[in-house]
>>> print(open('start_25.cif').read())   # mmCIF, C-alpha atoms and all ligand atoms
data_upload
loop_
_atom_site.label_atom_id
_atom_site.label_comp_id
_atom_site.auth_asym_id
_atom_site.auth_seq_id
_atom_site.Cartn_x
_atom_site.Cartn_y
_atom_site.Cartn_z
CA MET K 149 0.00 0.00 0.00
CA PHE K 150 2.98 2.22 0.65
CA GLU K 151 6.68 1.73 0.22
CA LEU K 152 9.48 3.89 1.60
CA THR K 153 13.03 3.26 0.39
CA ASP K 154 16.18 4.99 1.69
CA VAL K 155 14.14 7.97 2.87
CA GLU K 156 16.02 10.71 4.71
CA HIS K 157 15.04 14.15 5.80
CA ARG K 158 17.22 17.03 6.89
CA TYR K 159 16.24 20.39 8.31
CA GLY K 160 19.27 22.40 7.21
CA THR K 161 22.24 20.24 8.19
CA VAL K 162 20.40 18.34 10.94
CA ARG K 163 19.30 14.86 9.96
CA ALA K 164 15.78 14.51 11.35
CA LEU K 165 14.82 11.12 9.97
CA ALA K 166 16.16 7.98 8.30
CA VAL K 167 13.96 5.15 7.03
CA PRO K 168 15.96 2.51 5.11
CA SER K 169 12.87 0.50 4.18
CA TRP K 170 9.25 0.31 5.29
CA ARG K 171 6.50 -1.46 3.38
CA ALA K 172 2.86 -1.67 4.40
CA GLN K 173 0.11 -3.70 2.77
CA ALA K 174 -3.44 -2.49 2.20
CA GLY K 175 -5.55 -2.57 5.35
CA GLU K 176 -2.66 -3.04 7.79
CA GLN K 177 -2.66 -1.08 11.04
CA TRP K 178 0.68 0.28 12.25
CA LEU K 179 2.17 2.09 15.18
CA LEU K 180 4.96 4.49 14.16
CA ALA K 181 7.03 4.50 17.34
CA GLY K 182 10.01 6.53 18.47
CA ALA K 183 11.10 8.93 21.14
CA SER K 184 10.13 12.57 20.99
CA GLY K 185 12.22 14.20 18.23
CA SER K 186 12.87 10.92 16.36
CA GLY K 187 11.01 12.16 13.27
CA LYS K 188 7.51 10.67 13.60
CA SER K 189 5.64 13.84 12.62
CA THR K 190 8.11 14.49 9.80
CA LEU K 191 7.49 10.98 8.46
CA LEU K 192 3.69 11.39 8.59
CA HIS K 193 4.07 14.63 6.62
CA ILE K 194 6.18 12.77 4.06
CA LEU K 195 3.55 9.99 3.73
CA ALA K 196 0.87 12.65 3.24
CA GLY K 197 2.91 14.41 0.56
CA LEU K 198 3.09 17.54 2.73
CA THR K 199 6.89 17.35 3.03
CA THR K 200 9.24 16.26 0.26
CA PRO K 201 12.06 14.19 1.77
CA SER K 202 15.68 15.25 1.22
CA ALA K 203 16.38 11.82 -0.27
CA GLY K 204 14.70 8.53 -1.07
CA ARG K 205 11.62 7.15 -2.76
CA VAL K 206 8.04 7.33 -1.48
CA VAL K 207 5.24 5.42 -3.22
CA VAL K 208 1.73 5.64 -1.73
CA ALA K 209 -1.28 3.89 -3.26
CA GLY K 210 0.74 3.27 -6.42
CA GLN K 211 1.73 6.93 -6.78
CA ASP K 212 5.40 8.01 -6.69
CA LEU K 213 4.99 11.24 -4.73
CA ALA K 214 8.03 12.85 -6.38
CA ALA K 215 6.05 12.90 -9.63
CA LEU K 216 3.32 15.13 -8.15
CA ALA K 217 3.70 18.89 -7.85
CA GLY K 218 1.71 21.69 -6.22
CA GLY K 219 -2.02 21.54 -6.88
CA ALA K 220 -1.92 17.99 -8.21
CA ARG K 221 -0.33 16.88 -4.95
CA ASP K 222 -3.03 18.63 -2.90
CA ARG K 223 -5.82 17.01 -4.93
CA TRP K 224 -4.12 13.62 -4.64
CA ARG K 225 -3.89 14.02 -0.85
CA GLY K 226 -7.55 15.05 -0.53
CA ARG K 227 -8.66 11.91 -2.33
CA HIS K 228 -6.28 9.29 -0.96
CA VAL K 229 -5.02 10.36 2.46
CA GLY K 230 -6.88 11.22 5.67
CA VAL K 231 -4.95 13.05 8.37
CA VAL K 232 -5.79 13.51 12.04
CA PRO K 233 -3.20 16.13 13.04
CA GLN K 234 -1.96 16.51 16.60
CA LYS K 235 -3.55 19.95 16.70
CA LEU K 236 -6.84 19.03 15.10
CA HIS K 237 -7.09 22.01 12.69
CA LEU K 238 -10.87 21.98 12.48
CA ILE K 239 -12.22 25.10 10.76
CA GLY K 240 -13.61 27.21 13.58
CA ALA K 241 -15.84 29.49 11.51
CA VAL K 242 -18.18 26.76 10.21
CA SER K 243 -20.22 23.95 11.74
CA VAL K 244 -19.05 20.41 12.42
CA PHE K 245 -21.18 19.23 9.49
CA ASP K 246 -19.62 21.82 7.17
CA ASN K 247 -16.12 20.82 8.27
CA LEU K 248 -16.81 17.40 6.76
CA ARG K 249 -18.58 18.91 3.74
CA LEU K 250 -15.51 21.09 3.04
CA ALA K 251 -13.21 18.06 3.20
CA CYS K 252 -15.19 16.64 0.27
CA THR K 253 -15.42 19.78 -1.85
CA MET K 254 -11.77 20.71 -1.29
CA ALA K 255 -10.79 17.31 -2.70
CA GLY K 256 -13.05 17.89 -5.71
CA LEU K 257 -15.46 15.16 -4.58
CA ARG K 258 -19.23 15.09 -4.41
CA VAL K 259 -20.74 15.79 -0.98
CA GLU K 260 -22.61 12.73 0.30
CA GLU K 261 -24.73 14.22 3.07
CA ALA K 262 -26.05 10.83 4.17
CA ARG K 263 -22.49 9.57 4.61
CA ILE K 264 -21.56 12.65 6.65
CA ARG K 265 -24.57 12.11 8.92
CA ALA K 266 -23.75 8.41 9.31
CA LEU K 267 -20.09 9.14 10.15
CA LEU K 268 -20.98 11.77 12.74
CA ALA K 269 -23.32 9.23 14.30
CA ALA K 270 -20.61 6.55 14.22
CA VAL K 271 -18.25 8.79 16.20
CA GLN K 272 -21.09 9.78 18.56
CA VAL K 273 -21.40 13.47 17.72
CA ALA K 274 -24.58 13.32 15.58
CA ASP K 275 -26.36 15.80 17.84
CA LEU K 276 -23.44 18.26 17.60
CA ALA K 277 -23.46 18.58 13.79
CA GLN K 278 -24.55 22.23 13.81
CA ARG K 279 -22.11 23.35 16.53
CA ARG K 280 -18.88 25.16 15.78
CA PRO K 281 -15.67 23.30 16.72
CA GLY K 282 -15.01 25.83 19.51
CA GLU K 283 -18.18 24.61 21.22
CA LEU K 284 -16.92 21.01 21.56
CA SER K 285 -14.95 19.26 24.27
CA GLN K 286 -11.44 18.08 23.36
CA GLY K 287 -12.66 14.48 23.03
CA GLN K 288 -15.62 15.49 20.86
CA ALA K 289 -13.36 17.60 18.63
CA GLN K 290 -11.01 14.68 18.19
CA ARG K 291 -13.89 12.41 17.14
CA VAL K 292 -14.99 15.02 14.59
CA ALA K 293 -11.41 15.20 13.27
CA ILE K 294 -11.40 11.41 12.85
CA ALA K 295 -14.71 11.54 10.96
CA ARG K 296 -13.36 14.31 8.74
CA ALA K 297 -10.22 12.29 8.01
CA VAL K 298 -12.18 9.27 6.75
CA VAL K 299 -15.07 11.02 4.97
CA ASN K 300 -13.42 10.65 1.53
CA ARG K 301 -12.68 6.94 2.14
CA PRO K 302 -8.89 7.42 2.11
CA ALA K 303 -6.54 4.57 1.22
CA LEU K 304 -4.24 5.79 4.00
CA LEU K 305 -5.26 7.18 7.39
CA LEU K 306 -2.59 8.98 9.44
CA ALA K 307 -2.94 10.08 13.08
CA ASP K 308 -0.31 12.07 14.99
CA GLU K 309 -0.14 11.47 18.77
CA PRO K 310 -3.90 10.88 19.08
CA THR K 311 -3.69 9.95 22.77
CA ALA K 312 -1.67 12.93 24.00
CA SER K 313 -3.44 14.41 27.03
CA LEU K 314 -6.10 11.67 27.18
CA ASP K 315 -6.73 9.48 30.24
CA ASP K 316 -6.36 5.69 29.86
CA ALA K 317 -10.00 4.99 29.01
CA SER K 318 -10.20 7.84 26.47
CA ALA K 319 -6.87 6.84 24.90
CA ALA K 320 -8.08 3.27 24.37
CA ALA K 321 -11.40 4.57 22.97
CA ALA K 322 -9.61 6.92 20.52
CA LEU K 323 -7.46 4.05 19.24
CA GLU K 324 -10.45 1.77 18.89
CA LEU K 325 -12.30 4.45 16.92
CA LEU K 326 -9.33 5.01 14.59
CA ARG K 327 -9.03 1.25 14.02
CA THR K 328 -12.74 0.78 13.35
CA GLN K 329 -13.01 3.78 11.04
CA ALA K 330 -9.88 2.76 9.12
CA ARG K 331 -11.31 -0.73 8.65
CA GLU K 332 -14.68 0.59 7.50
CA ALA K 333 -13.08 3.07 5.09
CA GLY K 334 -10.80 0.30 3.76
CA ALA K 335 -7.76 2.35 4.81
CA THR K 336 -4.28 1.42 5.93
CA LEU K 337 -3.72 3.06 9.35
CA VAL K 338 -0.53 4.64 10.70
CA VAL K 339 -0.59 6.06 14.24
CA ALA K 340 2.49 8.03 15.30
CA SER K 341 2.94 7.90 19.05
CA HIS K 342 5.54 7.87 21.81
CA ASP K 343 2.82 6.79 24.26
CA ALA K 344 3.65 3.37 25.75
CA ARG K 345 -0.08 2.73 26.21
CA VAL K 346 -0.58 2.62 22.43
CA ARG K 347 1.87 -0.15 21.59
CA PRO K 348 -0.33 -3.08 22.70
CA LEU K 349 -3.33 -1.57 20.89
CA LEU K 350 -1.89 -1.91 17.36
CA PRO K 351 -0.81 -5.13 15.67
CA ARG K 352 2.35 -3.84 13.92
CA THR K 353 5.13 -1.46 14.89
CA TYR K 354 7.67 0.46 12.85
CA GLN K 355 10.33 1.73 15.24
CA LEU K 356 12.25 4.88 14.29
CA SER K 357 15.85 4.60 15.41
CA GLU K 358 17.41 6.99 17.88
CA VAL K 359 20.60 6.78 15.81
CA ALA K 360 18.96 8.68 13.00
CA ALA K 361 18.01 11.56 15.26
CA ALA K 362 21.54 11.75 16.68
CA ALA K 363 23.43 11.45 13.39
P1 LIG K 401 8.65 13.64 16.54
O1 LIG K 401 7.31 13.84 15.90
O2 LIG K 401 9.08 12.21 16.58
O3 LIG K 401 8.72 14.26 17.89
P2 LIG K 401 9.59 15.54 14.55
O4 LIG K 401 9.35 14.94 13.21
O5 LIG K 401 8.65 16.58 15.01
O6 LIG K 401 9.74 14.36 15.62
O7 LIG K 401 11.04 16.17 14.58
C1 LIG K 401 12.23 15.42 14.24
C2 LIG K 401 13.44 16.32 14.39
O8 LIG K 401 13.41 17.36 13.42
C3 LIG K 401 13.56 17.01 15.75
O9 LIG K 401 14.91 17.06 16.09
C4 LIG K 401 12.98 18.38 15.49
O10 LIG K 401 13.55 19.33 16.36
C5 LIG K 401 13.40 18.63 14.04
N1 LIG K 401 12.44 19.49 13.33
C6 LIG K 401 11.13 19.24 13.15
N2 LIG K 401 10.54 20.19 12.42
C7 LIG K 401 11.51 21.08 12.12
C8 LIG K 401 11.54 22.30 11.38
N3 LIG K 401 10.45 22.80 10.78
N4 LIG K 401 12.74 22.94 11.30
C9 LIG K 401 13.84 22.46 11.87
N5 LIG K 401 13.88 21.31 12.57
C10 LIG K 401 12.73 20.63 12.70
MG MG K 402 5.54 14.58 16.60
#
>>> encode(input="start_25.cif", output="structure tokens")
Amino acid sequence: MFELTDVEHRYGTVRALAVPSWRAQAGEQWLLAGASGSGKSTLLHILAGLTTPSAGRVVVAGQDLAALAGGARDRWRGRHVGVVPQKLHLIGAVSVFDNLRLACTMAGLRVEEARIRALLAAVQVADLAQRRPGELSQGQAQRVAIARAVVNRPALLLADEPTASLDDASAAAALELLRTQAREAGATLVVASHDARVRPLLPRTYQLSEVAAAA
């Protein structure tokens, strides 16, 4: 489903990330593990086509990301990748429902209102559809962000530190929701986390090496 080969990223002269080889098959669910500063967020941005690596080859859903530029890359991302960022980046000026609607239109896809309603129900915020994101609790906002990330049935679902600042029960619930929604959307799931509680909740782990961060 994706394939990373000899990927490196540098910020200036500092090597932030090294991934010799990582392959994931369609539908697999992965933890991307590593200490703080080991490059997890950088690698998620690379998988989403938001950051172009300094070196190496990145193929996602059959697409070599180096071959996509500018607007084409943004359209590709909107259709094939769902992202749950660490800071959720919901659009504060419009309703929860319209946050999902915008995710469709910005990817150039038809708005399926019935699907949006069903997704909001699946993440237990159906009755909050007309609220603005600022009127939600942190947990509710995270569930909306998960629904928004899967609304276009992405092939790849990425979540960055989804359990940060959650208690044990909420952390387990967030992981379960990501896993269920990934499965139902037919997506491969990658969860970046340094949270030890997450490791037993995902079947596969890719461990970023400390060596890379220090090199
Ligand atoms: P993680 O998500 O695992 O904590 P990051 O991908 O955020 O790691 O960061 C990896 C390394 O790259 C860190 O050393 C961090 O300080 C550095 N880094 C991240 N973003 C930038 C940036 N925009 N400019 C310079 N250095 C950065
Ligand atoms: Mg990070």
>>> closest_residue(input="start_25.cif", among="K:Gly230, K:Gly160, K:Pro310, K:Gly334", to="Leu195 of chain K", atoms="only C-alpha atoms")
K:Gly230
>>> closest_residue(input="start_25.cif", among="K:Val242, K:Ala166, K:Ala262, K:Ala251", to="Gly282 of chain K", atoms="all atoms listed in the file")
K:Val242
>>> axis_aligned_box(input="start_25.cif", around="ligand LIG 401 (chain K)", padding_each_side="4 Å", output="AutoDock Vina command-line options")
--center_x 11.1 --center_y 17.6 --center_z 14.3 --size_x 15.6 --size_y 18.7 --size_z 15.1
>>> closest_residue(input="start_25.cif", among="K:Ala181, K:Ile294, K:Leu267, K:Leu305", to="Pro348 of chain K", atoms="all atoms listed in the file")
K:Ala181
>>> residues_near_point(input="start_25.cif", point="(8.0, 6.7, -6.2)", cutoff="12 Å", atoms="all atoms listed in the file", output="count of residues only")
24
>>> residues_near_ligand(input="start_25.cif", ligand="ligand MG 402 (chain K)", cutoff="10 Å", atoms="all atoms listed in the file", output="PDB file with C-alpha atoms, in the frame of the given file")
ATOM      1  CA  GLY K 182      10.010   6.530  18.470  1.00  0.00           C
ATOM      2  CA  ALA K 183      11.100   8.930  21.140  1.00  0.00           C
ATOM      3  CA  SER K 184      10.130  12.570  20.990  1.00  0.00           C
ATOM      4  CA  GLY K 185      12.220  14.200  18.230  1.00  0.00           C
ATOM      5  CA  SER K 186      12.870  10.920  16.360  1.00  0.00           C
ATOM      6  CA  GLY K 187      11.010  12.160  13.270  1.00  0.00           C
ATOM      7  CA  LYS K 188       7.510  10.670  13.600  1.00  0.00           C
ATOM      8  CA  SER K 189       5.640  13.840  12.620  1.00  0.00           C
ATOM      9  CA  THR K 190       8.110  14.490   9.800  1.00  0.00           C
ATOM     10  CA  LEU K 191       7.490  10.980   8.460  1.00  0.00           C
ATOM     11  CA  LEU K 192       3.690  11.390   8.590  1.00  0.00           C
ATOM     12  CA  PRO K 233      -3.200  16.130  13.040  1.00  0.00           C
ATOM     13  CA  GLN K 234      -1.960  16.510  16.600  1.00  0.00           C
ATOM     14  CA  ASP K 308      -0.310  12.070  14.990  1.00  0.00           C
ATOM     15  CA  GLU K 309      -0.140  11.470  18.770  1.00  0.00           C
ATOM     16  CA  ALA K 340       2.490   8.030  15.300  1.00  0.00           C
ATOM     17  CA  SER K 341       2.940   7.900  19.050  1.00  0.00           C
ATOM     18  CA  HIS K 342       5.540   7.870  21.810  1.00  0.00           C
TER      19      HIS K 342
END
>>> decode(input="start_25.cif", residues="segment 292-307 of chain K", atoms="all heavy atoms", output="mmCIF file, in the first residue's frame")
data_model
loop_
_atom_site.group_PDB
_atom_site.id
_atom_site.type_symbol
_atom_site.label_atom_id
_atom_site.label_comp_id
_atom_site.auth_asym_id
_atom_site.auth_seq_id
_atom_site.Cartn_x
_atom_site.Cartn_y
_atom_site.Cartn_z
ATOM 1 N N VAL K 292 -14.632 14.333 15.833
ATOM 2 C CA VAL K 292 -14.986 15.019 14.586
ATOM 3 C C VAL K 292 -13.802 14.988 13.616
ATOM 4 O O VAL K 292 -13.974 14.745 12.411
ATOM 5 C CB VAL K 292 -15.413 16.481 14.868
ATOM 6 C CG1 VAL K 292 -15.557 17.256 13.555
ATOM 7 C CG2 VAL K 292 -16.708 16.511 15.662
ATOM 8 N N ALA K 293 -12.595 15.206 14.132
ATOM 9 C CA ALA K 293 -11.406 15.199 13.265
ATOM 10 C C ALA K 293 -11.199 13.820 12.639
ATOM 11 O O ALA K 293 -10.776 13.711 11.482
ATOM 12 C CB ALA K 293 -10.170 15.628 14.060
ATOM 13 N N ILE K 294 -11.509 12.762 13.391
ATOM 14 C CA ILE K 294 -11.396 11.406 12.850
ATOM 15 C C ILE K 294 -12.440 11.199 11.743
ATOM 16 O O ILE K 294 -12.132 10.681 10.662
ATOM 17 C CB ILE K 294 -11.522 10.349 13.968
ATOM 18 C CG1 ILE K 294 -10.293 10.426 14.893
ATOM 19 C CG2 ILE K 294 -11.666 8.940 13.380
ATOM 20 C CD1 ILE K 294 -10.416 9.586 16.174
ATOM 21 N N ALA K 295 -13.663 11.653 11.989
ATOM 22 C CA ALA K 295 -14.711 11.538 10.961
ATOM 23 C C ALA K 295 -14.311 12.311 9.706
ATOM 24 O O ALA K 295 -14.475 11.826 8.578
ATOM 25 C CB ALA K 295 -16.044 12.057 11.508
ATOM 26 N N ARG K 296 -13.782 13.511 9.895
ATOM 27 C CA ARG K 296 -13.361 14.308 8.737
ATOM 28 C C ARG K 296 -12.245 13.605 7.957
ATOM 29 O O ARG K 296 -12.211 13.638 6.723
ATOM 30 C CB ARG K 296 -12.886 15.691 9.191
ATOM 31 C CG ARG K 296 -12.488 16.585 8.017
ATOM 32 C CD ARG K 296 -11.902 17.900 8.466
ATOM 33 N NE ARG K 296 -10.739 17.693 9.319
ATOM 34 C CZ ARG K 296 -9.965 18.677 9.767
ATOM 35 N NH1 ARG K 296 -10.250 19.933 9.476
ATOM 36 N NH2 ARG K 296 -8.929 18.408 10.523
ATOM 37 N N ALA K 297 -11.353 12.943 8.679
ATOM 38 C CA ALA K 297 -10.218 12.294 8.011
ATOM 39 C C ALA K 297 -10.648 11.099 7.162
ATOM 40 O O ALA K 297 -9.942 10.730 6.225
ATOM 41 C CB ALA K 297 -9.180 11.866 9.047
ATOM 42 N N VAL K 298 -11.778 10.465 7.504
ATOM 43 C CA VAL K 298 -12.182 9.271 6.752
ATOM 44 C C VAL K 298 -13.330 9.541 5.775
ATOM 45 O O VAL K 298 -13.724 8.635 5.042
ATOM 46 C CB VAL K 298 -12.551 8.078 7.667
ATOM 47 C CG1 VAL K 298 -11.346 7.662 8.494
ATOM 48 C CG2 VAL K 298 -13.744 8.375 8.552
ATOM 49 N N VAL K 299 -13.841 10.776 5.745
ATOM 50 C CA VAL K 299 -15.066 11.020 4.968
ATOM 51 C C VAL K 299 -14.873 10.707 3.482
ATOM 52 O O VAL K 299 -15.792 10.233 2.820
ATOM 53 C CB VAL K 299 -15.592 12.463 5.197
ATOM 54 C CG1 VAL K 299 -14.689 13.509 4.585
ATOM 55 C CG2 VAL K 299 -17.015 12.597 4.643
ATOM 56 N N ASN K 300 -13.668 10.919 2.955
ATOM 57 C CA ASN K 300 -13.422 10.648 1.530
ATOM 58 C C ASN K 300 -12.922 9.219 1.275
ATOM 59 O O ASN K 300 -12.361 8.945 0.212
ATOM 60 C CB ASN K 300 -12.427 11.669 0.966
ATOM 61 C CG ASN K 300 -13.006 13.073 0.967
ATOM 62 O OD1 ASN K 300 -14.218 13.237 0.901
ATOM 63 N ND2 ASN K 300 -12.143 14.074 1.061
ATOM 64 N N ARG K 301 -13.132 8.327 2.244
ATOM 65 C CA ARG K 301 -12.685 6.936 2.137
ATOM 66 C C ARG K 301 -11.225 6.854 1.688
ATOM 67 O O ARG K 301 -10.907 6.307 0.632
ATOM 68 C CB ARG K 301 -13.565 6.150 1.158
ATOM 69 C CG ARG K 301 -15.013 6.048 1.593
ATOM 70 C CD ARG K 301 -15.809 5.172 0.631
ATOM 71 N NE ARG K 301 -17.202 5.099 0.995
ATOM 72 C CZ ARG K 301 -18.138 5.995 0.643
ATOM 73 N NH1 ARG K 301 -17.797 7.045 -0.072
ATOM 74 N NH2 ARG K 301 -19.375 5.846 1.024
ATOM 75 N N PRO K 302 -10.305 7.396 2.498
ATOM 76 C CA PRO K 302 -8.892 7.416 2.106
ATOM 77 C C PRO K 302 -8.301 6.013 2.066
ATOM 78 O O PRO K 302 -8.753 5.117 2.783
ATOM 79 C CB PRO K 302 -8.235 8.232 3.228
ATOM 80 C CG PRO K 302 -9.102 7.968 4.420
ATOM 81 C CD PRO K 302 -10.501 7.910 3.869
ATOM 82 N N ALA K 303 -7.287 5.837 1.232
ATOM 83 C CA ALA K 303 -6.540 4.575 1.222
ATOM 84 C C ALA K 303 -5.584 4.524 2.410
ATOM 85 O O ALA K 303 -5.201 3.445 2.870
ATOM 86 C CB ALA K 303 -5.753 4.444 -0.080
ATOM 87 N N LEU K 304 -5.208 5.698 2.906
ATOM 88 C CA LEU K 304 -4.236 5.795 3.997
ATOM 89 C C LEU K 304 -4.756 6.778 5.034
ATOM 90 O O LEU K 304 -5.099 7.917 4.696
ATOM 91 C CB LEU K 304 -2.887 6.284 3.437
ATOM 92 C CG LEU K 304 -1.735 6.455 4.422
ATOM 93 C CD1 LEU K 304 -1.412 5.144 5.137
ATOM 94 C CD2 LEU K 304 -0.496 6.978 3.693
ATOM 95 N N LEU K 305 -4.818 6.331 6.292
ATOM 96 C CA LEU K 305 -5.264 7.184 7.390
ATOM 97 C C LEU K 305 -4.097 7.378 8.351
ATOM 98 O O LEU K 305 -3.521 6.402 8.843
ATOM 99 C CB LEU K 305 -6.455 6.525 8.107
ATOM 100 C CG LEU K 305 -7.010 7.256 9.346
ATOM 101 C CD1 LEU K 305 -7.495 8.661 9.002
ATOM 102 C CD2 LEU K 305 -8.151 6.441 9.966
ATOM 103 N N LEU K 306 -3.741 8.646 8.609
ATOM 104 C CA LEU K 306 -2.594 8.982 9.445
ATOM 105 C C LEU K 306 -3.075 9.734 10.676
ATOM 106 O O LEU K 306 -3.885 10.663 10.550
ATOM 107 C CB LEU K 306 -1.625 9.886 8.664
ATOM 108 C CG LEU K 306 -1.169 9.380 7.294
ATOM 109 C CD1 LEU K 306 -0.360 10.470 6.564
ATOM 110 C CD2 LEU K 306 -0.349 8.108 7.438
ATOM 111 N N ALA K 307 -2.575 9.364 11.854
ATOM 112 C CA ALA K 307 -2.939 10.082 13.080
ATOM 113 C C ALA K 307 -1.670 10.389 13.864
ATOM 114 O O ALA K 307 -0.839 9.499 14.071
ATOM 115 C CB ALA K 307 -3.898 9.252 13.927
#
